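Colleague: This is query.txt (compact mmCIF, C-alpha atoms and all ligand atoms).
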# COMPACT_ATOMS: atom_id res chain seq x y z
CA MET A 1 24.47 0.46 29.35
CA ILE A 2 21.73 0.38 26.76
CA ARG A 3 18.42 -0.31 28.44
CA LEU A 4 15.79 1.37 26.32
CA ILE A 5 15.68 1.87 22.55
CA SER A 6 12.82 3.82 21.02
CA PHE A 7 11.65 3.97 17.42
CA GLU A 8 10.10 7.22 16.25
CA GLY A 9 8.84 8.70 13.02
CA GLY A 10 5.80 9.84 11.13
CA ASP A 11 2.86 7.64 10.24
CA GLY A 12 3.91 4.99 7.70
CA SER A 13 7.63 5.46 8.34
CA GLY A 14 8.16 1.72 8.87
CA LYS A 15 9.35 1.94 12.48
CA SER A 16 7.24 -0.99 13.70
CA THR A 17 8.77 -3.26 11.03
CA GLN A 18 12.26 -2.16 12.04
CA LEU A 19 11.51 -2.76 15.71
CA ARG A 20 10.38 -6.32 14.93
CA LEU A 21 13.47 -7.00 12.80
CA LEU A 22 15.79 -5.78 15.55
CA GLU A 23 13.89 -7.80 18.14
CA GLN A 24 14.29 -10.95 16.02
CA TYR A 25 17.96 -10.22 15.37
CA LEU A 26 18.74 -9.74 19.07
CA ALA A 27 16.74 -12.83 20.05
CA GLY A 28 18.71 -14.84 17.49
CA ARG A 29 21.91 -13.69 19.18
CA GLY A 30 20.65 -14.80 22.57
CA ARG A 31 20.01 -11.24 23.70
CA GLY A 32 16.43 -11.37 24.90
CA CYS A 33 14.53 -8.13 24.71
CA LEU A 34 11.00 -6.89 25.04
CA GLY A 35 9.21 -5.21 22.16
CA THR A 36 6.37 -2.93 23.16
CA ARG A 37 4.58 0.17 21.95
CA GLU A 38 2.75 3.38 22.73
CA PRO A 39 -0.09 3.87 22.76
CA GLY A 40 -1.35 0.37 23.59
CA GLY A 41 1.41 -1.45 25.49
CA THR A 42 -0.93 -2.52 28.32
CA ASN A 43 -4.56 -3.65 28.55
CA LEU A 44 -5.60 -0.23 29.72
CA GLY A 45 -3.42 1.25 27.01
CA LYS A 46 -5.20 -0.79 24.34
CA MET A 47 -8.48 0.80 25.41
CA ILE A 48 -6.89 4.24 25.36
CA ARG A 49 -5.46 3.52 21.91
CA ARG A 50 -8.90 2.69 20.56
CA VAL A 51 -10.33 5.92 21.96
CA LEU A 52 -7.47 7.96 20.56
CA LEU A 53 -7.26 6.57 17.07
CA GLN A 54 -10.81 5.68 16.19
CA ALA A 55 -11.83 8.02 13.42
CA GLY A 56 -15.27 8.75 14.79
CA THR A 57 -17.23 11.93 14.53
CA GLU A 58 -16.55 12.96 18.11
CA GLU A 59 -14.07 15.76 18.46
CA ILE A 60 -11.30 15.17 21.01
CA SER A 61 -9.87 18.39 22.39
CA SER A 62 -6.13 18.91 22.30
CA PRO A 63 -5.65 18.70 26.13
CA THR A 64 -7.85 15.57 26.26
CA GLU A 65 -5.72 13.94 23.58
CA LEU A 66 -2.53 14.91 25.42
CA PHE A 67 -3.70 13.50 28.75
CA LEU A 68 -4.78 10.25 27.12
CA TYR A 69 -1.30 9.76 25.63
CA LEU A 70 0.26 10.60 28.98
CA ALA A 71 -2.09 8.23 30.82
CA ASP A 72 -1.15 5.48 28.39
CA ARG A 73 2.55 6.20 29.02
CA ALA A 74 2.24 6.36 32.81
CA GLN A 75 0.54 2.95 32.89
CA HIS A 76 2.98 1.50 30.36
CA VAL A 77 5.99 2.63 32.38
CA HIS A 78 4.45 1.37 35.63
CA GLU A 79 3.30 -2.00 34.33
CA VAL A 80 5.76 -2.92 31.57
CA ILE A 81 8.83 -0.74 31.07
CA ARG A 82 10.04 -0.18 34.63
CA PRO A 83 9.71 -3.85 35.69
CA ALA A 84 11.47 -4.98 32.49
CA LEU A 85 14.35 -2.56 33.02
CA ALA A 86 14.60 -3.59 36.67
CA SER A 87 15.07 -7.21 35.61
CA GLY A 88 17.81 -6.23 33.16
CA THR A 89 15.71 -6.72 30.02
CA LEU A 90 16.47 -4.52 27.06
CA VAL A 91 13.28 -2.74 26.01
CA LEU A 92 12.44 -1.76 22.41
CA CYS A 93 9.62 0.74 22.34
CA ASP A 94 7.59 1.78 19.29
CA ARG A 95 7.13 5.50 20.09
CA PHE A 96 7.84 7.16 23.42
CA THR A 97 8.21 10.70 24.79
CA ASP A 98 9.51 12.22 21.52
CA SER A 99 6.18 11.43 19.83
CA THR A 100 4.39 13.64 22.34
CA LEU A 101 6.79 16.50 21.64
CA ALA A 102 6.50 16.05 17.87
CA TYR A 103 2.72 15.45 17.58
CA GLN A 104 1.22 17.41 20.46
CA GLY A 105 4.03 19.99 20.60
CA TYR A 106 5.11 20.74 17.03
CA GLY A 107 1.94 19.31 15.44
CA ARG A 108 -0.79 20.76 17.70
CA GLY A 109 1.15 23.70 19.09
CA VAL A 110 1.13 22.73 22.79
CA ASP A 111 3.94 24.43 24.76
CA LEU A 112 7.10 22.31 24.57
CA GLY A 113 8.36 23.21 28.05
CA MET A 114 5.11 22.07 29.59
CA LEU A 115 5.15 18.88 27.52
CA ARG A 116 8.67 18.07 28.73
CA ARG A 117 7.55 18.41 32.34
CA LEU A 118 4.47 16.25 31.76
CA ASN A 119 6.56 13.67 29.89
CA GLU A 120 8.87 13.55 32.89
CA VAL A 121 5.92 12.78 35.17
CA ALA A 122 4.41 10.16 32.85
CA SER A 123 7.71 8.42 32.15
CA GLY A 124 8.95 8.63 35.73
CA GLY A 125 12.12 10.21 34.34
CA ILE A 126 12.96 7.24 32.09
CA THR A 127 14.59 8.33 28.83
CA PRO A 128 15.66 6.23 25.84
CA ASP A 129 19.37 5.50 25.48
CA ILE A 130 19.06 5.28 21.69
CA THR A 131 16.28 6.61 19.50
CA PHE A 132 15.97 5.72 15.84
CA LEU A 133 14.09 8.40 13.94
CA LEU A 134 12.77 7.00 10.68
CA ASP A 135 12.40 10.02 8.48
CA CYS A 136 10.74 10.14 5.07
CA PRO A 137 8.69 12.59 3.00
CA VAL A 138 5.20 13.00 4.42
CA GLU A 139 3.49 11.91 1.18
CA LEU A 140 5.42 8.64 1.13
CA GLY A 141 4.60 7.84 4.78
CA LEU A 142 0.93 8.67 4.36
CA SER A 143 0.57 6.59 1.22
CA ARG A 144 2.19 3.63 3.02
CA ALA A 145 -0.12 4.13 6.02
CA GLU A 146 -3.13 4.34 3.71
CA GLU A 147 -2.13 1.10 1.98
CA ARG A 148 -1.76 -0.65 5.33
CA SER A 149 -5.13 0.68 6.51
CA SER A 150 -6.93 -0.60 3.44
CA ILE A 151 -5.30 -4.04 3.73
CA ILE A 152 -6.29 -4.34 7.38
CA HIS A 153 -9.76 -3.00 6.69
CA SER A 154 -10.32 -5.60 3.97
CA GLN A 155 -9.31 -8.50 6.22
CA SER A 156 -12.23 -10.17 7.90
CA SER A 157 -10.24 -11.41 10.90
CA ALA A 158 -10.63 -8.47 13.23
CA THR A 159 -7.63 -7.39 15.22
CA GLU A 160 -7.72 -5.00 18.13
CA ASP A 161 -6.36 -2.45 15.70
CA ARG A 162 -9.00 -2.85 13.09
CA ALA A 163 -11.40 -0.21 14.29
CA SER A 164 -8.61 2.28 14.69
CA ARG A 165 -6.82 1.39 11.53
CA ALA A 166 -9.40 2.00 8.85
CA GLU A 167 -7.72 5.35 8.37
CA ASP A 168 -7.16 6.67 11.87
CA ARG A 169 -7.72 10.12 13.28
CA PHE A 170 -4.15 11.16 12.57
CA GLU A 171 -4.09 9.92 9.01
CA ARG A 172 -7.05 12.21 8.41
CA GLU A 173 -5.06 15.26 9.50
CA GLU A 174 -4.03 17.62 6.73
CA VAL A 175 -0.58 17.28 5.18
CA GLU A 176 0.62 20.49 6.91
CA PHE A 177 0.08 18.86 10.31
CA HIS A 178 2.30 15.94 9.31
CA GLU A 179 4.91 18.34 7.89
CA ARG A 180 5.05 20.12 11.26
CA VAL A 181 5.43 16.76 13.02
CA ARG A 182 8.26 15.75 10.66
CA LYS A 183 10.06 19.09 11.18
CA GLY A 184 9.57 18.68 14.93
CA PHE A 185 11.19 15.26 15.00
CA LEU A 186 14.15 16.57 12.96
CA GLU A 187 14.49 19.56 15.28
CA LEU A 188 14.56 17.23 18.31
CA ALA A 189 17.25 15.16 16.56
CA ARG A 190 19.34 18.29 15.99
CA THR A 191 19.25 19.12 19.69
CA GLU A 192 20.15 15.58 20.78
CA PRO A 193 22.39 14.12 18.07
CA GLY A 194 24.03 11.69 20.50
CA ARG A 195 20.77 9.93 21.25
CA ILE A 196 18.61 10.40 18.17
CA HIS A 197 19.85 8.72 14.98
CA VAL A 198 18.09 10.01 11.88
CA LEU A 199 17.61 7.33 9.24
CA ASP A 200 16.32 7.73 5.70
CA ALA A 201 13.12 5.67 5.88
CA SER A 202 12.56 5.76 2.12
CA ARG A 203 15.36 3.18 1.79
CA ALA A 204 14.79 -0.58 1.51
CA VAL A 205 13.68 -2.34 4.70
CA ARG A 206 16.77 -4.63 4.69
CA ASP A 207 19.23 -1.74 4.27
CA LEU A 208 17.64 0.16 7.12
CA HIS A 209 17.74 -2.90 9.34
CA GLU A 210 21.42 -3.35 8.52
CA GLU A 211 22.18 0.22 9.61
CA ILE A 212 20.18 -0.11 12.83
CA ARG A 213 21.84 -3.44 13.61
CA LYS A 214 25.30 -1.93 13.14
CA ILE A 215 24.62 0.97 15.49
CA VAL A 216 23.17 -1.31 18.16
CA ASP A 217 25.96 -3.90 17.82
CA GLU A 218 28.59 -1.21 18.14
CA LYS A 219 27.06 0.22 21.29
CA LEU A 220 26.55 -3.19 22.85
CA ALA A 221 30.15 -4.18 22.03
CA ASN A 222 31.41 -0.99 23.68
CA GLY A 223 29.48 -1.98 26.79
CA GLU A 224 27.32 1.08 26.46
P1 LIG B 1 1.25 4.30 15.72
O1 LIG B 1 0.21 4.07 14.72
O2 LIG B 1 2.59 4.57 15.16
O3 LIG B 1 1.26 3.26 16.78
O4 LIG B 1 0.90 5.67 16.49
C1 LIG B 1 -0.36 6.02 16.76
C2 LIG B 1 -0.58 7.51 16.56
O5 LIG B 1 -0.47 8.16 17.83
C3 LIG B 1 0.38 8.20 15.62
O6 LIG B 1 -0.37 8.94 14.67
C4 LIG B 1 1.15 9.15 16.49
C5 LIG B 1 0.24 9.39 17.67
N1 LIG B 1 0.92 9.72 18.95
C6 LIG B 1 0.81 11.01 19.45
O7 LIG B 1 0.19 11.87 18.84
N2 LIG B 1 1.41 11.28 20.65
C7 LIG B 1 2.09 10.35 21.38
O8 LIG B 1 2.61 10.66 22.47
C8 LIG B 1 2.19 9.01 20.85
C9 LIG B 1 2.91 7.96 21.63
C10 LIG B 1 1.58 8.75 19.63
Step by step, read the file and then write its structure as structure tokens.
Modeller:
Amino acid sequence: MIRLISFEGGDGSGKSTQLRLLEQYLAGRGRGCLGTREPGGTNLGKMIRRVLLQAGTEEISSPTELFLYLADRAQHVHEVIRPALASGTLVLCDRFTDSTLAYQGYGRGVDLGMLRRLNEVASGGITPDITFLLDCPVELGLSRAEERSSIIHSQSSATEDRASRAEDRFEREEVEFHERVRKGFLELARTEPGRIHVLDASRAVRDLHEEIRKIVDEKLANGE
């Protein structure tokens, strides 16, 4: 049974758009689901998100960053994901445990074994049934993210994201960091090909949606 679908990828890979399209598609077919995200899927998480992504001058140490992501996840699982799964709701999550392995593990160099154990604690052992990895060249993702940041920054109607979105802390990282993250995601996909579906995120939004829809429909039809 499919209970949890996660969307992963580098910054500007278009995963949030694809999550929304799948959510709309499933709702249209009478299959209610819950779209949520990390960091920021709870009220506490929104505060943590602001702290994490605000591009201030304050340096956040690597362990501090890690524990903030894990705290966000622990609260998200407790407050949103576990209750939704318990009531039989299909959950679509924009980033989950794989992001921690890719960004903090492959990107920052934190030990992967330790991260897996901490992920297990934060997620309470919940793992995605399907993960869509939206993969594209780093330059393309970063230029998309930059475009989005400047649009949001120029809008006067402030959103909760605004402070964090005027080029966030991660978008300021050097290209090599993002290359390591991309390689990390692809490495994770190689080790779990049954769960992680790698999609070419440089393709048109509609084509990608079509592919995602097909995979989900097939699994749902098979009663998976
Ligand atoms: P988003 O903009 O896609 O919502 O993601 C926010 C940033 O947080 C993105 O640059 C990736 C980063 N991140 C981590 O570094 N570790 C994590 O565990 C998660 C969930 C996100």
Colleague: Extending 4 Å beyond the listed atoms of stretch 176-182 of chain A on each side, what axis-aligned box results? I want centre and edge lengths in Å to one decimal, as lines of an AutoDock Vina configuration file.
Modeller:
center_x = 4.2
center_y = 18.1
center_z = 10.0
size_x = 16.2
size_y = 12.7
size_z = 14.1
Colleague: Using all atoms listed in the file, which residues sit within 7 Å of A:His197 once same-chain residues fewer than 4 positions away are excluded, as an mmCIF file with C-alpha atoms, keeping the file's coordinate frame?
Modeller:
data_model
loop_
_atom_site.group_PDB
_atom_site.id
_atom_site.type_symbol
_atom_site.label_atom_id
_atom_site.label_comp_id
_atom_site.auth_asym_id
_atom_site.auth_seq_id
_atom_site.Cartn_x
_atom_site.Cartn_y
_atom_site.Cartn_z
ATOM 1 C CA THR A 131 16.280 6.610 19.500
ATOM 2 C CA PHE A 132 15.970 5.720 15.840
ATOM 3 C CA LEU A 133 14.090 8.400 13.940
ATOM 4 C CA PRO A 193 22.390 14.120 18.070
#
Colleague: Listing only residues of chain A within 10 Å of ligand LIG 1 (chain B), what is the closest atom pair and its distance in Å (to one decimal) for each, using only C-alpha atoms and all ligand atoms, sorted by chain and residue number ascending, as CSV?
Modeller:
residue,atom,partner,partner_atom,distance
A:Phe7,CA,B:LIG1,O2,9.4
A:Glu8,CA,B:LIG1,O2,8.0
A:Gly9,CA,B:LIG1,O2,7.8
A:Gly10,CA,B:LIG1,C4,7.1
A:Asp11,CA,B:LIG1,O6,5.6
A:Gly12,CA,B:LIG1,O2,7.6
A:Ser13,CA,B:LIG1,O2,8.5
A:Gly14,CA,B:LIG1,O2,8.9
A:Lys15,CA,B:LIG1,O2,7.7
A:Ser16,CA,B:LIG1,O2,7.4
A:Arg37,CA,B:LIG1,O3,6.9
A:Glu38,CA,B:LIG1,C9,4.7
A:Pro39,CA,B:LIG1,C9,5.2
A:Gly40,CA,B:LIG1,O3,7.8
A:Gly41,CA,B:LIG1,O3,9.9
A:Arg49,CA,B:LIG1,C1,7.7
A:Arg50,CA,B:LIG1,C1,9.9
A:Leu52,CA,B:LIG1,O5,7.5
A:Leu53,CA,B:LIG1,C2,6.8
A:Glu65,CA,B:LIG1,O7,7.9
A:Leu66,CA,B:LIG1,N2,7.2
A:Phe67,CA,B:LIG1,O8,9.3
A:Leu68,CA,B:LIG1,O8,8.7
A:Tyr69,CA,B:LIG1,O8,5.1
A:Leu70,CA,B:LIG1,O8,6.9
A:Ala71,CA,B:LIG1,O8,9.9
A:Asp72,CA,B:LIG1,C9,8.3
A:Arg73,CA,B:LIG1,C9,7.6
A:Cys93,CA,B:LIG1,C9,9.9
A:Asp94,CA,B:LIG1,O3,7.0
A:Arg95,CA,B:LIG1,C9,5.1
A:Phe96,CA,B:LIG1,C9,5.3
A:Thr97,CA,B:LIG1,O8,6.1
A:Asp98,CA,B:LIG1,O8,7.1
A:Ser99,CA,B:LIG1,C7,4.5
A:Thr100,CA,B:LIG1,O8,3.5
A:Leu101,CA,B:LIG1,O8,7.2
A:Ala102,CA,B:LIG1,N2,7.5
A:Tyr103,CA,B:LIG1,O7,4.6
A:Gln104,CA,B:LIG1,O7,5.9
A:Gly105,CA,B:LIG1,N2,9.1
A:Gly107,CA,B:LIG1,O7,8.4
A:Arg108,CA,B:LIG1,O7,9.0
A:Leu115,CA,B:LIG1,O8,10.0
A:Asn119,CA,B:LIG1,O8,8.9
A:Ala145,CA,B:LIG1,O1,8.7
A:Asp161,CA,B:LIG1,O1,9.3
A:Ser164,CA,B:LIG1,O1,9.0
A:Arg165,CA,B:LIG1,O1,8.2
A:Asp168,CA,B:LIG1,O6,7.7
A:Arg169,CA,B:LIG1,O6,7.6
A:Phe170,CA,B:LIG1,O6,4.9
A:Glu171,CA,B:LIG1,O6,6.8
A:Arg172,CA,B:LIG1,O6,9.7
A:Glu173,CA,B:LIG1,O6,9.4
A:His178,CA,B:LIG1,O6,9.2
A:Val181,CA,B:LIG1,O7,9.2
Colleague: Expressed in Å to a single decimal, how great is the separation between atom CA of A:Ala27 and atom CA of A:Arg144?
Modeller: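 Value for the atom CA of A:Ala27-atom CA of A:Arg144 distance: 27.8 Å.
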Colleague: Pick out the closest residue to A:Gln24 from this set: A:Ser202, A:His209, A:Gly56, A:Leu85. Count all atoms listed in the file.
Modeller: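 Ranking A:Ser202, A:His209, A:Gly56, A:Leu85 by distance to A:Gln24, first place goes to A:His209.
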Colleague: So which residues touch A:Leu92 within 7 Å, counting all atoms listed in the file, skipping near sequence neighbours fewer than 3 positions away, as a PyMOL selection string?
Modeller: chain A and resi 4-6+19+34-36
Colleague: Which of these, A:Leu208, A:Ile196, A:Leu90, A:Ile215, has the shortest distance to A:Gly30 once you count all atoms listed in the file?
Modeller: A:Leu90
Colleague: Which of these, A:Ala189, A:Val138, A:Ile212, A:Ala74, has the shortest distance to A:Phe177 once you count all atoms listed in the file?
Modeller: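 Using all atoms listed in the file, the shortest distance to A:Phe177 belongs to A:Val138.
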Colleague: Looking at A:Arg20, A:Arg117, A:Ala201, A:Tyr106, which one is nearest to A:Glu187, with distances taken over all atoms listed in the file?
Modeller: A:Tyr106
Colleague: Interatomic distance between atom CA of A:Arg3 and atom CA of A:Val91?
Modeller: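 Going from atom CA of A:Arg3 over to atom CA of A:Val91, I get 6.2 Å.
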Colleague: Can you work out the spacing between atom CA of A:Ile130 and atom CA of A:Ala204 in Å, to one decimal?
Modeller: 21.4 Å
Colleague: Can you list, as a count of residues only, every protein, DNA or RNA residue that comes within 9 Å of A:Glu179 when you count all atoms listed in the file, leaving out same-chain residues fewer than 3 positions away?
Modeller: 8
